[in-house]
>>> print(open('my_file00.tsv').read())   # TSV, C-alpha atoms
chain	number	residue	atom	x	y	z
R	1	MET	CA	35.23	156.36	62.24
R	2	PHE	CA	38.85	155.48	61.42
R	3	ASP	CA	41.24	158.33	60.70
R	4	LEU	CA	43.97	157.63	58.13
R	5	THR	CA	45.11	161.21	57.77
R	6	GLY	CA	48.81	161.33	56.90
R	7	LYS	CA	48.89	157.73	55.65
R	8	HIS	CA	49.77	156.75	52.09
R	9	ALA	CA	48.06	153.78	50.43
R	10	LEU	CA	48.55	151.87	47.19
R	11	VAL	CA	45.55	149.94	45.87
R	12	THR	CA	45.97	147.49	42.99
R	13	GLY	CA	43.06	146.54	40.79
R	14	ALA	CA	41.51	149.92	41.49
R	15	THR	CA	39.47	149.92	38.28
R	16	GLY	CA	37.29	147.03	39.47
R	17	GLY	CA	34.26	147.17	41.75
R	18	ILE	CA	36.00	146.16	44.99
R	19	GLY	CA	39.26	147.98	44.29
R	20	GLU	CA	37.53	151.22	43.41
R	21	SER	CA	35.46	151.08	46.58
R	22	ILE	CA	38.56	150.40	48.67
R	23	ALA	CA	40.34	153.39	47.12
R	24	ARG	CA	37.35	155.62	47.76
R	25	GLN	CA	36.95	154.62	51.41
R	26	LEU	CA	40.67	154.90	52.19
R	27	HIS	CA	40.67	158.34	50.62
R	28	SER	CA	37.52	159.31	52.50
R	29	ALA	CA	39.23	158.28	55.75
R	30	GLY	CA	41.99	160.80	55.01
R	31	ALA	CA	44.66	158.72	53.30
R	32	THR	CA	46.62	159.75	50.26
R	33	VAL	CA	45.86	157.06	47.69
R	34	ALA	CA	47.71	155.77	44.64
R	35	VAL	CA	45.40	153.78	42.37
R	36	SER	CA	46.83	151.11	40.11
R	37	GLY	CA	45.53	148.91	37.32
R	38	ARG	CA	45.83	148.27	33.62
R	39	ARG	CA	43.33	150.86	32.37
R	40	ALA	CA	44.97	154.25	32.74
R	41	ASP	CA	41.85	156.06	31.51
R	42	LYS	CA	39.67	154.65	34.28
R	43	LEU	CA	42.36	155.33	36.86
R	44	GLU	CA	42.64	158.94	35.72
R	45	ALA	CA	38.87	159.36	35.93
R	46	LEU	CA	38.81	157.93	39.46
R	47	ALA	CA	41.72	160.11	40.60
R	48	LYS	CA	40.08	163.19	39.11
R	49	GLU	CA	36.88	162.40	40.97
R	50	LEU	CA	38.71	161.86	44.26
R	51	GLY	CA	40.64	165.10	43.80
R	52	ASP	CA	43.50	166.02	46.13
R	53	ARG	CA	45.59	163.18	47.57
R	54	ALA	CA	44.91	160.86	44.61
R	55	HIS	CA	47.62	159.60	42.26
R	56	VAL	CA	47.70	157.26	39.27
R	57	VAL	CA	50.33	154.53	38.94
R	58	PRO	CA	49.34	152.19	36.09
R	59	CYS	CA	50.62	148.62	36.22
R	60	ASP	CA	49.97	145.33	34.45
R	61	LEU	CA	50.60	142.67	37.08
R	62	ALA	CA	51.15	140.11	34.33
R	63	ASN	CA	54.24	142.09	33.33
R	64	PRO	CA	57.18	141.38	35.71
R	65	ASP	CA	58.88	144.65	34.72
R	66	ASP	CA	55.78	146.63	35.69
R	67	VAL	CA	55.54	144.78	39.01
R	68	ALA	CA	59.19	145.47	39.81
R	69	LYS	CA	58.63	149.22	39.42
R	70	LEU	CA	55.22	149.65	41.03
R	71	ILE	CA	56.21	150.25	44.66
R	72	ASP	CA	58.97	152.68	43.64
R	73	ASN	CA	56.51	154.52	41.37
R	74	ALA	CA	53.98	154.74	44.21
R	75	VAL	CA	56.62	156.11	46.58
R	76	LYS	CA	57.67	158.68	43.98
R	77	ALA	CA	54.05	159.77	43.55
R	78	MET	CA	53.12	159.94	47.24
R	79	GLY	CA	56.44	160.41	49.04
R	80	GLN	CA	56.15	157.11	50.92
R	81	ILE	CA	53.94	154.06	51.30
R	82	ASP	CA	52.29	153.01	54.55
R	83	ILE	CA	49.44	150.80	53.29
R	84	LEU	CA	49.48	148.22	50.52
R	85	VAL	CA	46.22	146.65	49.34
R	86	ASN	CA	46.76	143.76	46.95
R	87	ASN	CA	43.32	143.57	45.39
R	88	ALA	CA	43.96	142.83	41.71
R	89	GLY	CA	43.19	139.29	40.63
R	90	LEU	CA	42.80	137.10	37.57
R	91	THR	CA	40.56	134.14	36.82
R	92	LYS	CA	41.03	131.60	34.04
R	93	ASP	CA	38.61	128.88	35.06
R	94	ASN	CA	38.67	125.32	33.82
R	95	LEU	CA	38.19	121.83	35.19
R	96	PHE	CA	41.34	120.16	36.50
R	97	MET	CA	41.49	117.47	33.82
R	98	VAL	CA	41.43	119.96	30.95
R	99	MET	CA	43.15	122.97	32.53
R	100	LYS	CA	46.04	124.14	30.39
R	101	ASP	CA	49.45	124.85	31.89
R	102	GLU	CA	49.14	128.46	30.72
R	103	GLN	CA	45.88	128.90	32.62
R	104	TRP	CA	47.58	127.70	35.79
R	105	ASP	CA	50.75	129.73	35.22
R	106	ASP	CA	48.96	132.96	34.36
R	107	VAL	CA	46.70	132.93	37.42
R	108	ILE	CA	49.53	132.01	39.80
R	109	ALA	CA	51.74	134.74	38.29
R	110	VAL	CA	49.19	137.52	38.77
R	111	ASN	CA	47.44	136.44	41.98
R	112	LEU	CA	50.34	134.99	43.95
R	113	THR	CA	53.74	135.83	42.52
R	114	SER	CA	53.03	139.51	41.92
R	115	THR	CA	51.51	139.75	45.41
R	116	PHE	CA	54.70	138.30	46.89
R	117	LYS	CA	56.87	140.77	44.98
R	118	LEU	CA	54.76	143.75	45.99
R	119	MET	CA	54.66	142.64	49.62
R	120	ARG	CA	58.45	142.28	49.64
R	121	ALA	CA	59.07	145.69	48.11
R	122	ALA	CA	56.43	147.42	50.23
R	123	THR	CA	57.77	145.92	53.46
R	124	ARG	CA	61.23	147.26	52.66
R	125	ALA	CA	59.76	150.70	51.99
R	126	MET	CA	57.72	150.64	55.20
R	127	LEU	CA	60.77	149.73	57.26
R	128	ARG	CA	62.67	152.63	55.69
R	129	ASN	CA	59.91	154.97	56.92
R	130	LYS	CA	60.95	154.14	60.52
R	131	SER	CA	57.45	155.10	61.62
R	132	GLY	CA	56.57	151.90	63.45
R	133	TYR	CA	53.49	151.59	61.25
R	134	GLY	CA	52.72	149.58	58.15
R	135	ARG	CA	49.69	147.75	56.81
R	136	ILE	CA	49.59	145.01	54.17
R	137	ILE	CA	46.09	143.86	53.26
R	138	ASN	CA	45.63	141.09	50.71
R	139	ILE	CA	42.26	140.37	49.14
R	140	SER	CA	41.90	136.60	49.07
R	141	SER	CA	38.65	134.69	48.51
R	142	VAL	CA	36.22	132.29	50.13
R	143	SER	CA	37.34	129.89	47.37
R	144	ALA	CA	40.73	129.69	49.10
R	145	VAL	CA	39.09	127.96	52.05
R	146	ILE	CA	36.27	125.89	50.56
R	147	GLY	CA	37.53	125.35	47.00
R	148	ASN	CA	35.40	125.79	43.91
R	149	PRO	CA	34.90	123.48	40.92
R	150	GLY	CA	36.74	124.81	37.90
R	151	GLN	CA	38.91	127.12	39.98
R	152	GLY	CA	41.81	124.94	41.07
R	153	ASN	CA	44.28	127.57	39.91
R	154	TYR	CA	42.40	130.49	41.47
R	155	ALA	CA	41.75	128.70	44.77
R	156	ALA	CA	45.40	127.66	44.99
R	157	SER	CA	46.59	131.21	44.38
R	158	LYS	CA	44.27	132.67	47.00
R	159	ALA	CA	45.06	129.95	49.56
R	160	GLY	CA	48.76	130.53	48.95
R	161	MET	CA	48.17	134.20	49.60
R	162	ILE	CA	46.80	133.40	53.06
R	163	GLY	CA	49.79	131.25	54.02
R	164	MET	CA	52.23	133.79	52.63
R	165	THR	CA	50.55	136.60	54.56
R	166	LYS	CA	50.77	134.68	57.84
R	167	SER	CA	54.48	134.08	57.27
R	168	LEU	CA	55.21	137.76	56.67
R	169	ALA	CA	53.06	138.72	59.67
R	170	ARG	CA	55.30	136.66	61.94
R	171	GLU	CA	58.43	138.29	60.51
R	172	VAL	CA	57.47	141.95	60.88
R	173	ALA	CA	54.99	142.15	63.77
R	174	ASN	CA	57.64	143.53	66.11
R	175	ARG	CA	58.29	146.39	63.67
R	176	GLY	CA	54.72	147.69	63.80
R	177	ILE	CA	53.79	146.24	60.41
R	178	THR	CA	50.71	144.05	60.18
R	179	ALA	CA	49.78	141.68	57.35
R	180	ASN	CA	46.24	140.39	56.98
R	181	CYS	CA	43.84	139.01	54.40
R	182	ILE	CA	40.23	139.64	53.60
R	183	ALA	CA	38.31	136.75	52.05
R	184	PRO	CA	35.20	138.03	50.27
R	185	GLY	CA	32.29	135.76	49.53
R	186	PHE	CA	29.94	136.55	46.66
R	187	ILE	CA	30.10	140.29	46.05
R	188	ALA	CA	28.02	142.22	43.51
R	189	THR	CA	30.69	143.26	41.00
R	190	PRO	CA	31.15	143.09	37.21
R	191	MET	CA	32.68	139.63	37.81
R	192	THR	CA	29.44	138.29	39.30
R	193	ASP	CA	27.23	140.28	36.92
R	194	VAL	CA	27.81	137.55	34.32
R	195	LEU	CA	25.56	135.28	36.41
R	196	ASN	CA	21.91	135.21	35.43
R	197	ASP	CA	19.09	135.86	37.88
R	198	LYS	CA	18.43	132.15	38.43
R	199	GLN	CA	22.09	131.49	39.26
R	200	LYS	CA	22.20	134.45	41.63
R	201	SER	CA	19.03	133.26	43.36
R	202	GLU	CA	20.38	129.73	43.78
R	203	ILE	CA	23.67	131.00	45.21
R	204	SER	CA	21.87	133.36	47.58
R	205	GLN	CA	19.98	130.41	49.07
R	206	HIS	CA	23.30	129.13	50.43
R	207	ILE	CA	24.12	132.47	52.06
R	208	PRO	CA	22.47	133.03	55.46
R	209	ALA	CA	22.17	136.74	54.64
R	210	LYS	CA	20.25	135.70	51.47
R	211	ARG	CA	22.03	138.23	49.30
R	212	PHE	CA	25.34	139.10	47.69
R	213	GLY	CA	27.57	141.56	49.47
R	214	ALA	CA	28.56	144.99	48.19
R	215	PRO	CA	32.06	146.27	47.37
R	216	ASP	CA	31.68	148.72	50.26
R	217	ASP	CA	31.47	145.77	52.65
R	218	ILE	CA	34.99	144.74	51.66
R	219	ALA	CA	36.22	148.31	51.67
R	220	ALA	CA	34.98	148.83	55.22
R	221	GLY	CA	37.00	145.85	56.40
R	222	THR	CA	40.04	147.21	54.59
R	223	VAL	CA	39.78	150.60	56.28
R	224	TYR	CA	39.55	148.90	59.66
R	225	LEU	CA	42.63	146.73	59.05
R	226	ALA	CA	44.52	149.80	57.83
R	227	SER	CA	43.68	151.80	60.95
R	228	GLN	CA	45.53	152.24	64.21
R	229	SER	CA	42.66	150.38	65.87
R	230	ALA	CA	43.78	147.17	64.14
R	231	GLY	CA	47.39	147.46	65.27
R	232	TYR	CA	47.15	144.22	67.29
R	233	VAL	CA	45.51	142.28	64.46
R	234	THR	CA	47.98	140.45	62.23
R	235	GLY	CA	48.22	137.16	60.38
R	236	GLN	CA	44.44	136.95	60.25
R	237	THR	CA	41.88	136.38	57.52
R	238	LEU	CA	38.73	138.47	57.83
R	239	HIS	CA	35.87	136.57	56.22
R	240	ILE	CA	33.21	138.86	54.75
R	241	ASN	CA	30.64	136.59	53.18
R	242	GLY	CA	27.20	137.04	54.74
R	243	GLY	CA	27.63	133.84	56.73
R	244	MET	CA	28.33	131.64	53.71
R	245	LEU	CA	31.40	130.30	55.50
R	246	MET	CA	31.80	130.50	59.27
R	247	VAL	CA	35.33	129.74	60.49
>>> encode(input="my_file00.tsv", output="structure tokens")
Amino acid sequence: MFDLTGKHALVTGATGGIGESIARQLHSAGATVAVSGRRADKLEALAKELGDRAHVVPCDLANPDDVAKLIDNAVKAMGQIDILVNNAGLTKDNLFMVMKDEQWDDVIAVNLTSTFKLMRAATRAMLRNKSGYGRIINISSVSAVIGNPGQGNYAASKAGMIGMTKSLAREVANRGITANCIAPGFIATPMTDVLNDKQKSEISQHIPAKRFGAPDDIAAGTVYLASQSAGYVTGQTLHINGGMLMV
């Protein structure tokens, strides 16, 4: 439906369920895709499966040196960058009263600080393209809006991502660059596979759709926001949660 032929996308966290699906759908829509993550072997396997127009740019977002080089490495691999999808994320859950400083610092560093640095570098690269087109899509979370017990650090990082995205959107809208977020609800991924059947059933009762979403649901929203059809959509958060939260 949406044609991304000639566009060049970087997807972080591409070894996970959502990130892999996003990479696949962007590639299927015609984009050249650079997949990033910590596990080079899984990235290589994904790129091999995708075939032409797929590149591997490993990066550990907990390593500031890796983060500083990622956009340049993606540009070297693809020739340019038009689409940035910040999908990688980290959880280190604990209740507020017993959360360690390191748990806070580590989650903020990966989920928020690295996202800021990649957005900054990618925006500069998109402006250098002088194409009047750029797409930054940040994967936030329903937890950013409603909060979640034991996830004060994670919710803060994802809420900060939304505010940061809106700020950038206002700065670059007149240059043809959009910046948006997607806030997934409960999605069937390895992260939610740790829940037992009873827990999944109880959670599903609070979702009007009565089920968890699929990674492809998030990927479909990403392809739309990356397309020319979404050129007038910026500073927004697309909630994909089966009705769990209606804003």
>>> closest_residue(input="my_file00.tsv", among="R:Leu43, R:Val110, R:Val75, R:Ile182", to="Arg128 of chain R", atoms="all atoms listed in the file")
R:Val75
>>> closest_atom_pairs(input="my_file00.tsv", of="segment 112-191 of chain R", to="segment 76-87 of chain R", cutoff="12 Å", atoms="only C-alpha atoms", output="CSV")
residue,atom,partner,partner_atom,distance
R:Leu112,CA,R:Asn86,CA,9.9
R:Thr113,CA,R:Asn86,CA,11.5
R:Ser114,CA,R:Asn86,CA,9.1
R:Thr115,CA,R:Asn86,CA,6.4
R:Phe116,CA,R:Asn86,CA,9.6
R:Lys117,CA,R:Asn86,CA,10.7
R:Leu118,CA,R:Asn86,CA,8.1
R:Met119,CA,R:Leu84,CA,7.7
R:Arg120,CA,R:Leu84,CA,10.8
R:Ala121,CA,R:Leu84,CA,10.2
R:Ala122,CA,R:Leu84,CA,7.0
R:Thr123,CA,R:Asp82,CA,9.0
R:Arg124,CA,R:Ile81,CA,10.1
R:Ala125,CA,R:Ile81,CA,6.8
R:Met126,CA,R:Asp82,CA,6.0
R:Leu127,CA,R:Asp82,CA,9.5
R:Arg128,CA,R:Gln80,CA,9.2
R:Asn129,CA,R:Gln80,CA,7.4
R:Lys130,CA,R:Asp82,CA,10.6
R:Ser131,CA,R:Asp82,CA,9.0
R:Gly132,CA,R:Asp82,CA,9.9
R:Tyr133,CA,R:Asp82,CA,7.0
R:Gly134,CA,R:Asp82,CA,5.0
R:Arg135,CA,R:Ile83,CA,4.7
R:Ile136,CA,R:Leu84,CA,4.9
R:Ile137,CA,R:Val85,CA,4.8
R:Asn138,CA,R:Asn86,CA,4.7
R:Ile139,CA,R:Asn87,CA,5.0
R:Ser140,CA,R:Asn87,CA,8.0
R:Ser141,CA,R:Asn87,CA,10.5
R:Lys158,CA,R:Asn87,CA,11.1
R:Met161,CA,R:Asn86,CA,10.0
R:Thr165,CA,R:Asn86,CA,11.1
R:Gly176,CA,R:Asp82,CA,10.9
R:Ile177,CA,R:Asp82,CA,9.1
R:Thr178,CA,R:Ile83,CA,9.7
R:Ala179,CA,R:Leu84,CA,9.5
R:Asn180,CA,R:Val85,CA,9.9
R:Cys181,CA,R:Asn86,CA,9.3
R:Ile182,CA,R:Asn87,CA,9.6
R:Ala183,CA,R:Asn87,CA,10.8
R:Pro184,CA,R:Asn87,CA,11.0
>>> closest_residue(input="my_file00.tsv", among="R:Thr12, R:Ser28, R:Asn94, R:Ser157", to="Val142 of chain R", atoms="only C-alpha atoms")
R:Ser157
>>> closest_residue(input="my_file00.tsv", among="R:Ala62, R:Ala209, R:Val57, R:Ile18", to="Asp41 of chain R", atoms="only C-alpha atoms")
R:Val57
>>> atom_distance(input="my_file00.tsv", atom1="atom CA of Thr234 of chain R", atom2="atom CA of Val107 of chain R")
26.0 Å
>>> residues_around(input="my_file00.tsv", residues="Thr15 of chain R", least_positions_apart="6", cutoff="12 Å", atoms="all atoms listed in the file", output="MDAnalysis selection string")
chainID R and resid 21:24 34:47 56:59 87:89 189:190
>>> decode(input="my_file00.tsv", residues="segment 106-202 of chain R", atoms="C-alpha atoms", output="PDB file, in the first residue's frame")
ATOM      1  CA  ASP R 106      20.842   2.187  32.777  1.00  0.00           C
ATOM      2  CA  VAL R 107      17.254   2.384  31.518  1.00  0.00           C
ATOM      3  CA  ILE R 108      17.383   6.157  30.998  1.00  0.00           C
ATOM      4  CA  ALA R 109      20.719   5.831  29.168  1.00  0.00           C
ATOM      5  CA  VAL R 110      19.463   3.249  26.671  1.00  0.00           C
ATOM      6  CA  ASN R 111      15.828   4.283  26.225  1.00  0.00           C
ATOM      7  CA  LEU R 112      16.104   8.062  26.364  1.00  0.00           C
ATOM      8  CA  THR R 113      19.659   9.350  26.063  1.00  0.00           C
ATOM      9  CA  SER R 114      20.654   7.107  23.169  1.00  0.00           C
ATOM     10  CA  THR R 115      17.388   7.984  21.413  1.00  0.00           C
ATOM     11  CA  PHE R 116      18.198  11.682  21.761  1.00  0.00           C
ATOM     12  CA  LYS R 117      21.682  11.195  20.344  1.00  0.00           C
ATOM     13  CA  LEU R 118      20.449   9.158  17.397  1.00  0.00           C
ATOM     14  CA  MET R 119      17.666  11.643  16.660  1.00  0.00           C
ATOM     15  CA  ARG R 120      20.173  14.507  16.708  1.00  0.00           C
ATOM     16  CA  ALA R 121      22.628  12.772  14.387  1.00  0.00           C
ATOM     17  CA  ALA R 122      19.920  11.476  12.052  1.00  0.00           C
ATOM     18  CA  THR R 123      18.283  14.903  11.746  1.00  0.00           C
ATOM     19  CA  ARG R 124      21.604  16.415  10.708  1.00  0.00           C
ATOM     20  CA  ALA R 125      22.057  13.676   8.105  1.00  0.00           C
ATOM     21  CA  MET R 126      18.512  14.122   6.782  1.00  0.00           C
ATOM     22  CA  LEU R 127      19.010  17.866   6.399  1.00  0.00           C
ATOM     23  CA  ARG R 128      22.217  17.220   4.453  1.00  0.00           C
ATOM     24  CA  ASN R 129      20.200  15.092   2.017  1.00  0.00           C
ATOM     25  CA  LYS R 130      18.307  18.260   0.969  1.00  0.00           C
ATOM     26  CA  SER R 131      15.445  16.038  -0.155  1.00  0.00           C
ATOM     27  CA  GLY R 132      12.685  17.681   1.853  1.00  0.00           C
ATOM     28  CA  TYR R 133      11.895  14.301   3.385  1.00  0.00           C
ATOM     29  CA  GLY R 134      12.792  12.669   6.672  1.00  0.00           C
ATOM     30  CA  ARG R 135      11.025  10.391   9.124  1.00  0.00           C
ATOM     31  CA  ILE R 136      11.873   9.793  12.778  1.00  0.00           C
ATOM     32  CA  ILE R 137       9.700   7.173  14.468  1.00  0.00           C
ATOM     33  CA  ASN R 138      10.229   6.383  18.133  1.00  0.00           C
ATOM     34  CA  ILE R 139       8.706   3.312  19.746  1.00  0.00           C
ATOM     35  CA  SER R 140       7.378   4.423  23.115  1.00  0.00           C
ATOM     36  CA  SER R 141       4.927   2.474  25.288  1.00  0.00           C
ATOM     37  CA  VAL R 142       1.462   2.584  26.796  1.00  0.00           C
ATOM     38  CA  SER R 143       3.333   2.662  30.133  1.00  0.00           C
ATOM     39  CA  ALA R 144       4.487   6.181  29.251  1.00  0.00           C
ATOM     40  CA  VAL R 145       0.899   7.381  29.498  1.00  0.00           C
ATOM     41  CA  ILE R 146      -0.697   5.258  32.212  1.00  0.00           C
ATOM     42  CA  GLY R 147       2.356   4.274  34.280  1.00  0.00           C
ATOM     43  CA  ASN R 148       3.033   0.761  35.511  1.00  0.00           C
ATOM     44  CA  PRO R 149       3.959  -0.495  38.982  1.00  0.00           C
ATOM     45  CA  GLY R 150       7.614  -1.445  39.117  1.00  0.00           C
ATOM     46  CA  GLN R 151       8.443   0.467  35.955  1.00  0.00           C
ATOM     47  CA  GLY R 152       9.089   4.003  37.153  1.00  0.00           C
ATOM     48  CA  ASN R 153      12.353   4.111  35.213  1.00  0.00           C
ATOM     49  CA  TYR R 154      10.886   2.589  32.048  1.00  0.00           C
ATOM     50  CA  ALA R 155       7.737   4.733  32.099  1.00  0.00           C
ATOM     51  CA  ALA R 156       9.817   7.867  32.656  1.00  0.00           C
ATOM     52  CA  SER R 157      12.099   7.038  29.745  1.00  0.00           C
ATOM     53  CA  LYS R 158       9.209   6.370  27.383  1.00  0.00           C
ATOM     54  CA  ALA R 159       7.270   9.457  28.505  1.00  0.00           C
ATOM     55  CA  GLY R 160      10.407  11.534  28.028  1.00  0.00           C
ATOM     56  CA  MET R 161      10.663  10.128  24.539  1.00  0.00           C
ATOM     57  CA  ILE R 162       7.203  11.476  23.696  1.00  0.00           C
ATOM     58  CA  GLY R 163       8.009  14.989  24.928  1.00  0.00           C
ATOM     59  CA  MET R 164      11.367  14.976  23.183  1.00  0.00           C
ATOM     60  CA  THR R 165       9.770  13.854  19.920  1.00  0.00           C
ATOM     61  CA  LYS R 166       7.207  16.653  20.038  1.00  0.00           C
ATOM     62  CA  SER R 167       9.973  19.203  20.577  1.00  0.00           C
ATOM     63  CA  LEU R 168      11.966  18.007  17.575  1.00  0.00           C
ATOM     64  CA  ALA R 169       8.798  17.867  15.468  1.00  0.00           C
ATOM     65  CA  ARG R 170       8.247  21.580  16.038  1.00  0.00           C
ATOM     66  CA  GLU R 171      11.834  22.374  15.070  1.00  0.00           C
ATOM     67  CA  VAL R 172      12.026  20.535  11.753  1.00  0.00           C
ATOM     68  CA  ALA R 173       8.465  20.377  10.383  1.00  0.00           C
ATOM     69  CA  ASN R 174       9.183  23.143   7.875  1.00  0.00           C
ATOM     70  CA  ARG R 175      12.081  21.108   6.470  1.00  0.00           C
ATOM     71  CA  GLY R 176       9.907  18.136   5.519  1.00  0.00           C
ATOM     72  CA  ILE R 177      11.059  16.020   8.456  1.00  0.00           C
ATOM     73  CA  THR R 178       8.420  14.484  10.706  1.00  0.00           C
ATOM     74  CA  ALA R 179       8.922  13.043  14.190  1.00  0.00           C
ATOM     75  CA  ASN R 180       6.325  10.766  15.742  1.00  0.00           C
ATOM     76  CA  CYS R 181       5.945   8.048  18.346  1.00  0.00           C
ATOM     77  CA  ILE R 182       4.155   4.745  18.419  1.00  0.00           C
ATOM     78  CA  ALA R 183       2.983   3.545  21.826  1.00  0.00           C
ATOM     79  CA  PRO R 184       2.373  -0.209  21.763  1.00  0.00           C
ATOM     80  CA  GLY R 185       0.160  -1.885  24.309  1.00  0.00           C
ATOM     81  CA  PHE R 186       0.656  -5.558  25.137  1.00  0.00           C
ATOM     82  CA  ILE R 187       2.277  -7.201  22.131  1.00  0.00           C
ATOM     83  CA  ALA R 188       3.076 -10.905  21.780  1.00  0.00           C
ATOM     84  CA  THR R 189       6.888 -10.856  21.867  1.00  0.00           C
ATOM     85  CA  PRO R 190       9.643 -12.687  23.776  1.00  0.00           C
ATOM     86  CA  MET R 191       9.279  -9.949  26.425  1.00  0.00           C
ATOM     87  CA  THR R 192       5.654 -10.899  27.121  1.00  0.00           C
ATOM     88  CA  ASP R 193       6.279 -14.622  26.652  1.00  0.00           C
ATOM     89  CA  VAL R 194       7.572 -14.712  30.236  1.00  0.00           C
ATOM     90  CA  LEU R 195       3.965 -14.250  31.404  1.00  0.00           C
ATOM     91  CA  ASN R 196       2.056 -17.422  32.185  1.00  0.00           C
ATOM     92  CA  ASP R 197      -1.313 -18.242  30.648  1.00  0.00           C
ATOM     93  CA  LYS R 198      -3.237 -17.007  33.691  1.00  0.00           C
ATOM     94  CA  GLN R 199      -1.441 -13.653  33.626  1.00  0.00           C
ATOM     95  CA  LYS R 200      -2.037 -13.282  29.897  1.00  0.00           C
ATOM     96  CA  SER R 201      -5.722 -14.093  30.343  1.00  0.00           C
ATOM     97  CA  GLU R 202      -6.118 -11.558  33.149  1.00  0.00           C
TER      98      GLU R 202
END
